[in-house]
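Undergrad: Pasting structure31.txt below, which is compact mmCIF, C-alpha atoms.
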# COMPACT_ATOMS: atom_id res chain seq x y z
CA MET R 19 10.95 -33.95 -4.44
CA ALA R 20 8.25 -32.52 -2.27
CA ASP R 21 4.81 -32.82 -3.66
CA ALA R 22 3.87 -29.38 -5.02
CA GLU R 23 0.25 -30.09 -4.15
CA GLY R 24 1.37 -30.78 -0.59
CA ILE R 25 2.78 -27.29 -0.34
CA ILE R 26 -0.24 -25.69 -1.95
CA THR R 27 -2.70 -27.28 0.47
CA HIS R 28 -0.90 -25.66 3.39
CA ILE R 29 -0.88 -22.15 1.94
CA PRO R 30 -4.17 -21.07 3.60
CA HIS R 31 -2.86 -22.17 7.02
CA LEU R 32 0.49 -20.46 6.57
CA ARG R 33 -1.42 -17.38 5.62
CA ARG R 34 -3.78 -17.49 8.59
CA TYR R 35 -0.86 -17.98 10.95
CA ALA R 36 1.14 -15.16 9.36
CA ARG R 37 -1.83 -12.81 9.61
CA ALA R 38 -2.26 -13.46 13.31
CA LEU R 39 1.48 -13.41 13.94
CA THR R 40 2.29 -10.12 12.24
CA GLY R 41 -1.03 -8.42 12.89
CA ASP R 42 -1.18 -6.77 9.50
CA GLN R 43 -2.04 -7.97 6.07
CA VAL R 44 0.87 -6.56 4.12
CA SER R 45 3.60 -7.98 6.36
CA ALA R 46 1.73 -11.27 6.53
CA GLU R 47 1.49 -11.63 2.77
CA ASP R 48 5.19 -10.77 2.44
CA LEU R 49 6.04 -13.40 5.00
CA VAL R 50 4.00 -16.04 3.17
CA GLN R 51 5.53 -15.06 -0.14
CA ASP R 52 9.06 -15.34 1.27
CA THR R 53 8.23 -18.66 2.90
CA LEU R 54 6.89 -20.12 -0.33
CA GLU R 55 9.80 -18.83 -2.35
CA ARG R 56 12.17 -20.55 0.01
CA ALA R 57 10.06 -23.70 0.10
CA TRP R 58 9.96 -24.04 -3.68
CA LYS R 59 13.70 -23.46 -3.80
CA ARG R 60 14.39 -26.11 -1.22
CA MET R 61 11.82 -28.59 -2.37
CA ALA R 62 14.60 -31.00 -3.36
CA LEU R 63 15.89 -31.00 0.23
CA TRP R 64 12.59 -31.99 1.74
CA ARG R 65 12.57 -35.66 2.68
CA PRO R 66 9.50 -37.43 1.34
CA GLY R 67 7.42 -38.88 4.13
CA SER R 68 8.48 -36.25 6.65
CA ASN R 69 6.00 -33.71 7.96
CA ILE R 70 5.56 -31.12 5.22
CA ARG R 71 3.40 -28.87 7.39
CA ALA R 72 6.05 -28.69 10.12
CA TRP R 73 8.68 -28.09 7.44
CA LEU R 74 6.77 -25.12 6.01
CA PHE R 75 6.07 -23.60 9.41
CA THR R 76 9.75 -24.02 10.30
CA ILE R 77 10.73 -22.02 7.23
CA MET R 78 8.23 -19.34 8.20
CA HIS R 79 9.45 -19.30 11.80
CA ASN R 80 13.06 -18.80 10.72
CA LEU R 81 12.16 -15.97 8.38
CA TYR R 82 10.03 -14.33 11.04
CA VAL R 83 12.75 -14.54 13.68
CA ASN R 84 15.24 -13.02 11.24
CA GLN R 85 12.85 -10.15 10.65
CA ILE R 86 12.48 -9.57 14.38
CA LYS R 87 16.23 -9.58 14.81
CA ALA R 88 16.72 -7.17 11.93
CA ALA R 89 14.07 -4.87 13.37
CA ALA R 90 15.70 -5.03 16.81
CA ARG R 91 19.07 -4.12 15.29
CA GLY R 92 17.38 -1.21 13.56
CA LEU R 93 16.16 0.12 16.90
CA ARG R 94 19.72 0.32 18.23
CA GLY R 95 19.83 2.21 21.56
CA ASN R 96 16.25 1.67 22.59
CA GLY R 97 16.23 -1.76 20.99
CA GLU R 98 14.92 -3.53 24.00
CA GLN R 99 13.73 -6.99 23.08
CA ALA R 100 10.00 -7.43 22.88
CA GLU R 101 10.34 -10.05 25.62
CA SER R 102 11.22 -7.51 28.28
CA SER R 103 9.23 -4.58 26.94
CA VAL R 104 5.82 -6.20 27.30
CA PRO R 105 3.49 -3.81 29.00
CA VAL R 106 2.25 -5.96 31.85
CA SER R 107 0.49 -2.92 33.22
CA PRO R 108 -0.79 -0.98 30.26
CA THR R 109 -1.49 2.69 30.72
CA GLN R 110 -5.02 4.01 30.87
CA ASP R 111 -4.96 5.01 27.22
CA ASP R 112 -3.91 1.59 26.09
CA ARG R 113 -6.71 -0.24 27.75
CA LEU R 114 -9.49 0.40 25.33
CA GLU R 115 -7.39 -0.88 22.47
CA LEU R 116 -6.89 -4.18 24.20
CA ARG R 117 -10.47 -5.17 23.65
CA ASP R 118 -9.30 -6.11 20.26
CA LEU R 119 -7.76 -9.56 20.47
CA ASN R 120 -5.46 -8.76 17.60
CA LYS R 121 -3.97 -5.84 19.47
CA ALA R 122 -3.59 -7.88 22.62
CA LEU R 123 -1.79 -10.52 20.60
CA GLN R 124 0.61 -7.98 19.19
CA ARG R 125 1.50 -6.95 22.74
CA LEU R 126 2.72 -10.44 23.55
CA PRO R 127 6.44 -11.13 23.22
CA HIS R 128 6.92 -12.67 19.81
CA ASP R 129 8.11 -16.01 21.17
CA GLN R 130 4.97 -16.40 23.27
CA ARG R 131 2.76 -15.19 20.45
CA GLU R 132 4.19 -17.81 18.12
CA VAL R 133 3.48 -20.62 20.56
CA VAL R 134 -0.02 -19.41 21.45
CA LEU R 135 -0.86 -19.26 17.74
CA LEU R 136 0.78 -22.48 16.58
CA ILE R 137 -1.12 -24.35 19.24
CA GLY R 138 -4.30 -22.35 19.80
CA LEU R 139 -4.96 -21.39 16.19
CA GLU R 140 -3.09 -23.87 14.01
CA GLN R 141 -3.71 -26.72 16.44
CA LEU R 142 -0.28 -28.20 16.14
CA SER R 143 0.87 -30.62 18.81
CA TYR R 144 3.30 -29.46 21.49
CA GLY R 145 5.94 -31.70 19.94
CA GLU R 146 5.47 -30.21 16.48
CA ALA R 147 5.67 -26.68 17.90
CA ALA R 148 8.89 -27.60 19.71
CA LYS R 149 10.37 -28.91 16.47
CA ILE R 150 9.32 -25.87 14.46
CA ILE R 151 10.69 -23.37 16.95
CA GLY R 152 13.69 -25.49 17.81
CA VAL R 153 13.29 -25.55 21.59
CA PRO R 154 12.45 -28.31 24.10
CA ILE R 155 8.79 -29.10 24.81
CA GLY R 156 9.23 -27.71 28.33
CA THR R 157 10.04 -24.31 26.85
CA ILE R 158 6.99 -24.52 24.62
CA MET R 159 4.81 -25.29 27.64
CA SER R 160 6.12 -22.39 29.66
CA ARG R 161 5.74 -19.95 26.75
CA LEU R 162 2.24 -21.21 26.14
CA SER R 163 1.31 -20.85 29.78
CA ARG R 164 2.79 -17.37 30.13
CA GLY R 165 1.40 -16.20 26.80
CA ARG R 166 -2.13 -17.31 27.59
CA GLU R 167 -2.02 -15.78 31.02
CA GLN R 168 -0.78 -12.45 29.65
CA LEU R 169 -3.52 -12.45 27.06
CA ARG R 170 -6.11 -13.22 29.72
CA LEU R 171 -4.94 -10.36 31.91
CA MET R 172 -4.90 -7.93 29.00
CA MET R 173 -8.38 -8.94 27.91
CA ASN R 174 -9.66 -8.67 31.50
CA ARG R 175 -8.31 -5.18 31.86
CA ALA R 176 -9.81 -4.26 28.54
CA ASN R 177 -13.17 -5.58 29.67
CA SER R 178 -13.12 -3.87 33.02
CA SER R 179 -12.07 -0.59 31.46
CA ALA R 180 -14.89 -0.90 28.95
CA GLN R 181 -17.32 -1.53 31.80
CA LEU R 182 -15.92 1.42 33.66
CA LYS R 183 -16.58 3.58 30.68
CA ALA R 184 -20.13 2.29 30.36
CA ILE R 185 -20.85 3.16 33.97
CA LYS R 186 -19.55 6.70 33.63
CA MET C 11 -6.32 -30.07 48.84
CA THR C 12 -6.81 -33.71 48.05
CA SER C 13 -3.90 -35.83 46.92
CA GLN C 14 -5.59 -36.28 43.57
CA SER C 15 -5.71 -32.58 42.85
CA ALA C 16 -2.02 -32.22 43.63
CA THR C 17 -1.21 -34.37 40.61
CA VAL C 18 -2.79 -31.95 38.11
CA SER C 19 -0.01 -29.85 36.65
CA GLU C 20 0.01 -26.68 34.60
CA THR C 21 0.83 -28.82 31.56
CA ASP C 22 -2.30 -30.88 32.22
CA LEU C 23 -4.37 -27.72 32.30
CA GLN C 24 -2.94 -26.45 29.04
CA ALA C 25 -3.42 -29.84 27.40
CA TYR C 26 -6.98 -29.83 28.70
CA VAL C 27 -7.58 -26.46 27.02
CA ASP C 28 -6.23 -27.86 23.75
CA GLY C 29 -8.18 -31.09 23.96
CA MET C 30 -5.01 -33.11 24.00
CA LEU C 31 -5.71 -35.28 27.03
CA GLY C 32 -6.93 -38.84 27.01
CA GLU C 33 -10.40 -39.48 28.30
CA GLU C 34 -9.30 -40.66 31.72
CA ARG C 35 -6.95 -37.79 32.35
CA ARG C 36 -9.55 -35.33 31.14
CA GLY C 37 -11.96 -36.66 33.75
CA GLU C 38 -9.36 -36.20 36.46
CA VAL C 39 -8.70 -32.63 35.41
CA GLU C 40 -12.42 -31.90 35.39
CA THR C 41 -12.76 -33.24 38.89
CA TYR C 42 -9.89 -31.02 39.94
CA LEU C 43 -11.36 -27.95 38.24
CA ALA C 44 -14.69 -28.49 39.97
CA ASP C 45 -12.87 -27.97 43.27
CA HIS C 46 -10.73 -25.06 42.08
CA LEU C 47 -12.90 -22.32 40.72
CA GLN C 48 -10.11 -19.91 40.07
CA GLU C 49 -8.30 -22.43 37.92
CA GLN C 50 -11.56 -23.25 36.24
CA ALA C 51 -12.05 -19.59 35.29
CA ARG C 52 -8.55 -19.46 33.94
CA VAL C 53 -9.03 -22.57 31.81
CA LYS C 54 -12.32 -21.21 30.50
CA ALA C 55 -10.61 -17.95 29.56
CA TYR C 56 -7.97 -19.87 27.63
CA GLN C 57 -10.60 -21.88 25.80
CA GLU C 58 -12.31 -18.62 24.96
CA GLN C 59 -9.00 -17.34 23.57
CA ASN C 60 -8.80 -20.27 21.20
CA ARG C 61 -12.36 -19.66 20.11
CA LEU C 62 -11.65 -15.96 19.55
CA LEU C 63 -8.53 -16.72 17.56
CA HIS C 64 -10.54 -18.85 15.18
CA ALA C 65 -13.32 -16.28 15.02
CA SER C 66 -10.79 -13.58 14.13
CA PHE C 67 -8.60 -15.39 11.66
CA ASP C 68 -10.42 -18.32 10.09
CA ALA C 69 -11.75 -16.07 7.35
CA VAL C 70 -8.19 -15.87 6.00
CA LEU C 71 -8.41 -19.56 5.06
CA ALA C 72 -11.04 -18.80 2.47
CA GLU C 73 -9.17 -15.99 0.73
CA PRO C 74 -8.26 -16.83 -2.86
CA ILE C 75 -4.61 -17.78 -3.24
CA PRO C 76 -2.61 -15.48 -5.53
CA ALA C 77 -1.58 -17.34 -8.66
CA GLN C 78 2.10 -16.60 -8.18
CA TRP C 79 2.06 -18.52 -4.90
CA ARG C 80 0.85 -21.68 -6.56
CA ILE C 81 3.71 -22.18 -8.94
CA PRO C 82 7.23 -23.03 -8.01
CA ILE C 83 8.98 -19.69 -7.97
CA ARG C 84 12.47 -21.17 -8.15
CA PRO C 85 12.81 -21.30 -11.93
CA TRP C 86 11.94 -17.67 -12.48
CA PRO C 87 14.99 -15.86 -11.19
CA PHE C 88 17.13 -18.37 -13.06
CA PHE C 89 14.96 -18.14 -16.12
CA ALA C 90 15.03 -14.36 -16.04
CA ARG C 91 18.82 -14.37 -15.74
CA ALA C 92 19.26 -16.94 -18.47
CA PHE C 93 16.87 -15.11 -20.70
CA ALA C 94 18.61 -11.78 -20.10
CA ALA C 95 21.96 -13.43 -20.77
CA ALA C 96 20.66 -15.00 -23.95
CA LEU C 97 19.19 -11.69 -25.03
CA ALA C 98 22.47 -9.90 -24.31
CA TRP C 99 24.19 -12.47 -26.47
CA ILE C 100 21.80 -11.85 -29.28
CA VAL C 101 22.57 -8.12 -29.10
CA VAL C 102 26.32 -8.67 -28.81
CA GLY C 103 26.15 -11.27 -31.54
CA GLY C 104 24.24 -8.90 -33.77
CA ILE C 105 26.78 -6.12 -33.29
CA MET C 106 29.72 -8.46 -33.72
CA GLY C 107 28.10 -10.01 -36.72
CA TRP C 108 27.75 -6.61 -38.29
CA PHE C 109 31.38 -5.69 -37.76
CA LEU C 110 32.77 -9.07 -38.58
CA ARG C 111 30.42 -9.76 -41.44
CA GLY C 112 33.22 -9.83 -43.99
CA GLU C 113 35.58 -11.87 -41.91
CA MET C 114 33.31 -14.55 -40.74
CA THR C 115 31.90 -17.13 -43.04
CA ASN C 116 28.18 -17.53 -43.08
CA ARG C 117 28.61 -21.06 -41.91
CA SER C 118 30.28 -20.31 -38.59
CA ALA C 119 27.92 -17.45 -37.78
CA LYS C 120 25.08 -19.87 -38.35
CA GLU C 121 26.67 -22.41 -36.07
CA ILE C 122 27.06 -19.95 -33.21
CA ASP C 123 23.50 -18.95 -33.81
CA PHE C 124 22.54 -22.58 -33.49
CA ALA C 125 24.28 -22.85 -30.11
CA ARG C 126 22.50 -19.71 -28.98
CA GLN C 127 19.10 -21.04 -29.99
CA ALA C 128 19.83 -24.32 -28.24
CA ALA C 129 20.78 -22.46 -25.03
CA LEU C 130 17.66 -20.34 -25.22
CA ALA C 131 15.43 -23.38 -25.67
CA HIS C 132 17.26 -24.99 -22.76
CA ALA C 133 16.63 -21.95 -20.56
CA VAL C 134 12.98 -21.84 -21.52
CA TYR C 135 12.03 -25.48 -21.02
CA THR C 136 14.25 -26.94 -18.30
CA PRO C 137 12.64 -24.93 -15.47
CA GLU C 138 9.23 -26.31 -16.40
CA VAL C 139 7.88 -28.41 -13.60
CA ARG C 140 4.67 -29.69 -15.07
CA HIS C 141 5.29 -29.67 -18.79
CA PRO C 142 8.99 -29.96 -19.46
CA VAL C 143 8.33 -32.11 -22.54
CA GLU C 144 5.52 -32.76 -24.96
CA VAL C 145 5.99 -36.50 -25.16
CA THR C 146 7.45 -38.32 -22.18
CA ALA C 147 10.07 -41.04 -22.19
CA GLU C 148 7.35 -43.60 -21.47
CA GLN C 149 6.40 -43.28 -25.13
CA GLU C 150 9.96 -43.23 -26.36
CA GLU C 151 9.28 -45.14 -29.55
CA HIS C 152 6.46 -42.81 -30.51
CA LEU C 153 8.60 -39.79 -29.57
CA VAL C 154 11.44 -40.84 -31.88
CA ARG C 155 9.14 -41.76 -34.74
CA TRP C 156 7.22 -38.51 -34.47
CA LEU C 157 10.25 -36.24 -34.28
CA SER C 158 12.07 -38.15 -37.05
CA LYS C 159 9.07 -37.68 -39.28
CA ARG C 160 8.76 -33.99 -38.51
CA LEU C 161 12.48 -33.30 -38.95
CA GLY C 162 12.70 -35.43 -42.06
CA GLY C 163 15.57 -37.62 -40.90
CA THR C 164 16.28 -40.60 -38.76
CA LEU C 165 16.77 -39.52 -35.21
CA LYS C 166 18.21 -41.57 -32.43
CA VAL C 167 17.85 -40.87 -28.75
CA PRO C 168 20.97 -41.85 -26.86
CA HIS C 169 20.46 -43.38 -23.43
CA LEU C 170 22.56 -41.80 -20.69
CA ILE C 171 21.31 -43.70 -17.71
CA ASP C 172 24.82 -44.99 -16.90
CA LEU C 173 25.93 -41.36 -16.62
CA GLY C 174 23.10 -40.68 -14.21
CA TYR C 175 20.79 -38.98 -16.69
CA GLU C 176 17.38 -40.34 -17.38
CA LEU C 177 15.43 -39.37 -20.47
CA VAL C 178 12.47 -37.16 -19.55
CA GLY C 179 11.11 -36.93 -23.09
CA GLY C 180 11.15 -34.53 -25.98
CA ARG C 181 9.42 -31.74 -27.80
CA LEU C 182 9.20 -30.15 -31.21
CA LEU C 183 10.35 -26.55 -31.61
CA PRO C 184 10.43 -24.04 -34.42
CA GLY C 185 13.89 -23.31 -35.83
CA ASP C 186 15.25 -20.96 -38.49
CA GLN C 187 14.98 -23.47 -41.28
CA GLY C 188 12.29 -25.75 -40.03
CA PRO C 189 11.45 -27.86 -37.05
CA VAL C 190 13.93 -28.68 -34.31
CA ALA C 191 13.77 -31.48 -31.76
CA GLN C 192 14.68 -31.10 -28.11
CA PHE C 193 15.32 -34.10 -25.88
CA MET C 194 15.52 -33.55 -22.15
CA TYR C 195 17.40 -35.59 -19.56
CA GLN C 196 17.32 -35.32 -15.82
CA GLU C 197 19.69 -36.31 -13.08
CA ARG C 198 18.39 -37.52 -9.70
CA SER C 199 19.21 -34.17 -8.13
CA GLY C 200 16.90 -32.52 -10.64
CA LYS C 201 19.70 -31.13 -12.82
CA ARG C 202 18.64 -31.21 -16.43
CA LEU C 203 20.39 -31.25 -19.76
CA THR C 204 18.94 -30.91 -23.23
CA LEU C 205 19.99 -32.21 -26.61
CA TYR C 206 18.84 -29.94 -29.41
CA VAL C 207 18.77 -31.49 -32.87
CA LYS C 208 18.06 -30.11 -36.32
CA THR C 209 18.43 -31.48 -39.80
CA ASP C 210 20.36 -29.81 -42.57
CA PRO C 211 19.92 -31.80 -45.78
CA SER C 212 22.45 -29.70 -47.67
CA SER C 213 25.24 -30.38 -45.24
CA GLU C 214 27.62 -33.23 -45.59
CA ARG C 215 30.13 -31.87 -43.17
CA GLU C 216 31.32 -33.16 -39.88
CA THR C 217 32.82 -30.91 -37.28
CA ALA C 218 34.59 -31.42 -33.99
CA PHE C 219 32.88 -30.40 -30.79
CA GLN C 220 32.65 -26.69 -30.43
CA TYR C 221 32.01 -24.97 -27.17
CA SER C 222 29.99 -21.90 -26.39
CA GLN C 223 29.09 -20.40 -23.03
CA GLN C 224 25.70 -18.70 -23.22
CA GLY C 225 25.16 -17.01 -19.89
CA LYS C 226 25.01 -19.78 -17.33
CA VAL C 227 24.34 -22.39 -19.96
CA ALA C 228 27.25 -24.32 -21.40
CA VAL C 229 26.76 -25.66 -24.94
CA PHE C 230 28.71 -28.21 -26.91
CA TYR C 231 27.62 -28.39 -30.51
CA TRP C 232 28.68 -30.36 -33.51
CA LEU C 233 27.63 -31.31 -36.99
CA ASP C 234 27.37 -34.90 -37.98
CA ARG C 235 26.53 -34.96 -41.67
CA ARG C 236 22.87 -34.13 -42.03
CA LEU C 237 22.21 -33.56 -38.36
CA SER C 238 23.33 -30.76 -36.09
CA TYR C 239 23.44 -31.35 -32.34
CA ALA C 240 23.76 -28.99 -29.42
CA LEU C 241 24.05 -30.29 -25.86
CA SER C 242 23.19 -27.68 -23.22
CA ALA C 243 23.37 -27.72 -19.44
CA GLU C 244 24.32 -25.58 -16.51
CA MET C 245 27.46 -27.43 -15.60
CA PRO C 246 31.24 -27.11 -15.90
CA LYS C 247 32.66 -27.48 -19.39
CA ASP C 248 34.65 -30.67 -18.76
CA GLU C 249 31.71 -32.40 -17.16
CA LEU C 250 29.50 -31.54 -20.11
CA LEU C 251 32.20 -32.69 -22.52
CA LYS C 252 32.04 -36.20 -21.04
CA VAL C 253 28.34 -36.34 -21.75
CA ALA C 254 28.83 -34.95 -25.26
CA ASN C 255 31.44 -37.63 -25.97
CA ALA C 256 29.11 -40.36 -24.75
CA ILE C 257 26.28 -39.04 -26.90
CA TYR C 258 28.49 -38.84 -29.97
CA GLU C 259 29.66 -42.41 -29.48
CA ARG C 260 26.17 -43.74 -28.98
CA LEU C 261 24.75 -41.92 -31.98
CA ASN C 262 27.41 -43.45 -34.18
CA SER C 263 27.36 -46.97 -32.86
Please lay out the structure from this file as structure tokens.

TA:
Amino acid sequence: MADAEGIITHIPHLRRYARALTGDQVSAEDLVQDTLERAWKRMALWRPGSNIRAWLFTIMHNLYVNQIKAAARGLRGNGEQAESSVPVSPTQDDRLELRDLNKALQRLPHDQREVVLLIGLEQLSYGEAAKIIGVPIGTIMSRLSRGREQLRLMMNRANSSAQLKAIK
Amino acid sequence: MTSQSATVSETDLQAYVDGMLGEERRGEVETYLADHLQEQARVKAYQEQNRLLHASFDAVLAEPIPAQWRIPIRPWPFFARAFAAALAWIVVGGIMGWFLRGEMTNRSAKEIDFARQAALAHAVYTPEVRHPVEVTAEQEEHLVRWLSKRLGGTLKVPHLIDLGYELVGGRLLPGDQGPVAQFMYQERSGKRLTLYVKTDPSSERETAFQYSQQGKVAVFYWLDRRLSYALSAEMPKDELLKVANAIYERLNS
């Protein structure tokens, strides 16, 4: 049986990750709640000695991906995947918003956002992230690289538009 | 471009940002960045992203954890269902008891009631993670002496280890006519069964095993002179019967 204390010590990290991932408190808390419910239920399946942190984040990842899929199905006709609908060139009105890192993050495709956060915020290794998301390390590296570059460009535009406004 | 700089890959740059390079490799990347200002700016921006992420979200780590997240949630849906089922039985039993009051002897109504109480106690205590029992099996001798004294009889705790069930321990519970003992056993998978025992000094009867399904909980119960037993578990009837047989044999050996 998994050590209950082991699960409890990771709750703050699951919560921080969920907050950054979903961008709002209510969805984040729901995601943590669902993750823990599933973790307690499956505690007997967890192999002692294996990485409990990776196990918990894997549960959260699976729940999150299911949510994204359900939301995409709900969109039907205009249900373009976040991946392809990323505004690489945001409109004028969007720019000011992007000063906020949180908003910039939410503009990333979810698969890049996950990787940027697991590594940049939760400081997991590339190997752990690959295991959690269930893709090869190469895929993790390319998502990380693209995600960070997108974020950088968004933040730059936000900055330059803010400067522009200051000059006016 | 020097040949050295050509060996620095995008992966190296990312790993540099995340502080995941060895000392030597880090030095090589730094040398490369010194010659490539654009890349250097990019790497700095990424490092700044990491810093901003922590600045934005680290406060979440300090938020108090809701109490319901700290306890295993698993038992509750089961508990709620079992409790509702047990409650429904009490209502049904009450109505049936009223209509059948002339046809049913007091004795058998009492026995069904006993099975119901055993199932309820099973549903209440088996989901407990931290305190399933009052006295653990490590103090088995004390447990048996204590419960025997409180029940006013000589109790025996059958060992079921050969059937895959290990004694967890026992507790004292209130019953209709005095204290009741509950012994709990656990299988390796975590599946638990309970043996509910009460004394009835006036009884000299022995009965065969009787079966009662109380919601999800299956109960075999029987009277063995001054002691009444009820064995409860969430398992198929025939599987539970094997355990009941083993217990009966061991109690009478």

Undergrad: Within 12 Å of chain R, which residues of chain C show up when using all atoms listed in the file, listed as a short mmCIF file (atom, residue, chain, number, x, y, z; two decimals) with C-alpha atoms, in the frame of the given file?

TA:
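The file below, selection08.cif, is the result:
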data_model
loop_
_atom_site.label_atom_id
_atom_site.label_comp_id
_atom_site.auth_asym_id
_atom_site.auth_seq_id
_atom_site.Cartn_x
_atom_site.Cartn_y
_atom_site.Cartn_z
CA SER C 19 -0.01 -29.85 36.65
CA GLU C 20 0.01 -26.68 34.60
CA THR C 21 0.83 -28.82 31.56
CA ASP C 22 -2.30 -30.88 32.22
CA LEU C 23 -4.37 -27.72 32.30
CA GLN C 24 -2.94 -26.45 29.04
CA ALA C 25 -3.42 -29.84 27.40
CA TYR C 26 -6.98 -29.83 28.70
CA VAL C 27 -7.58 -26.46 27.02
CA ASP C 28 -6.23 -27.86 23.75
CA GLY C 29 -8.18 -31.09 23.96
CA MET C 30 -5.01 -33.11 24.00
CA LEU C 31 -5.71 -35.28 27.03
CA GLU C 49 -8.30 -22.43 37.92
CA ALA C 51 -12.05 -19.59 35.29
CA ARG C 52 -8.55 -19.46 33.94
CA VAL C 53 -9.03 -22.57 31.81
CA LYS C 54 -12.32 -21.21 30.50
CA ALA C 55 -10.61 -17.95 29.56
CA TYR C 56 -7.97 -19.87 27.63
CA GLN C 57 -10.60 -21.88 25.80
CA GLU C 58 -12.31 -18.62 24.96
CA GLN C 59 -9.00 -17.34 23.57
CA ASN C 60 -8.80 -20.27 21.20
CA ARG C 61 -12.36 -19.66 20.11
CA LEU C 62 -11.65 -15.96 19.55
CA LEU C 63 -8.53 -16.72 17.56
CA HIS C 64 -10.54 -18.85 15.18
CA ALA C 65 -13.32 -16.28 15.02
CA SER C 66 -10.79 -13.58 14.13
CA PHE C 67 -8.60 -15.39 11.66
CA ASP C 68 -10.42 -18.32 10.09
CA ALA C 69 -11.75 -16.07 7.35
CA VAL C 70 -8.19 -15.87 6.00
CA LEU C 71 -8.41 -19.56 5.06
CA ALA C 72 -11.04 -18.80 2.47
CA GLU C 73 -9.17 -15.99 0.73
CA PRO C 74 -8.26 -16.83 -2.86
CA ILE C 75 -4.61 -17.78 -3.24
CA PRO C 76 -2.61 -15.48 -5.53
CA ALA C 77 -1.58 -17.34 -8.66
CA GLN C 78 2.10 -16.60 -8.18
CA TRP C 79 2.06 -18.52 -4.90
CA ARG C 80 0.85 -21.68 -6.56
CA ILE C 81 3.71 -22.18 -8.94
CA PRO C 82 7.23 -23.03 -8.01
CA ILE C 83 8.98 -19.69 -7.97
CA ARG C 84 12.47 -21.17 -8.15
CA PRO C 85 12.81 -21.30 -11.93
CA TRP C 86 11.94 -17.67 -12.48
CA PRO C 87 14.99 -15.86 -11.19
CA PHE C 88 17.13 -18.37 -13.06
CA PRO C 137 12.64 -24.93 -15.47
CA VAL C 139 7.88 -28.41 -13.60
CA ARG C 140 4.67 -29.69 -15.07
CA ARG C 198 18.39 -37.52 -9.70
CA SER C 199 19.21 -34.17 -8.13
CA GLY C 200 16.90 -32.52 -10.64
CA LYS C 201 19.70 -31.13 -12.82
#

Undergrad: One decimal, Å: what's the distance from CA of Leu126 (chain R) over to CA of Val83 (chain R), could you say?

TA: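 For CA of Leu126 (chain R) relative to CA of Val83 (chain R), the distance reads 14.7 Å.
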
Undergrad: Kindly indicate which residue among C:Ile122, C:Tyr221, C:Val253, C:Glu38 lies nearest to Ile171 (chain C), using all atoms listed in the file for the distances.

TA: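 Closest residue, counting all atoms listed in the file: C:Val253.
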
Undergrad: Please, what distance in Å, to one decimal, runs between CA of Gln220 (chain C) and CA of Ile100 (chain C)?

TA: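 CA of Ile100 (chain C) lies 18.4 Å from CA of Gln220 (chain C).
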
Undergrad: Hey, which of C:Ala147, C:Val190, C:Val178, C:Ala125 ends up closest to Phe230 (chain C)? Count all atoms listed in the file.

TA: C:Ala125

Undergrad: Between CA of Leu205 (chain C) and CA of Leu97 (chain C), measure the distance and give it in Å to one decimal.

TA: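 Atom-to-atom, CA of Leu205 (chain C) and CA of Leu97 (chain C) are spaced 20.6 Å apart.
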
Undergrad: Determine the nearest neighbour of Lys121 (chain R) from the options R:Ser178, R:Glu47, R:Ile77, R:Met172, counting only C-alpha atoms.

TA: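 Using only C-alpha atoms, Lys121 (chain R) sits closest to R:Met172.
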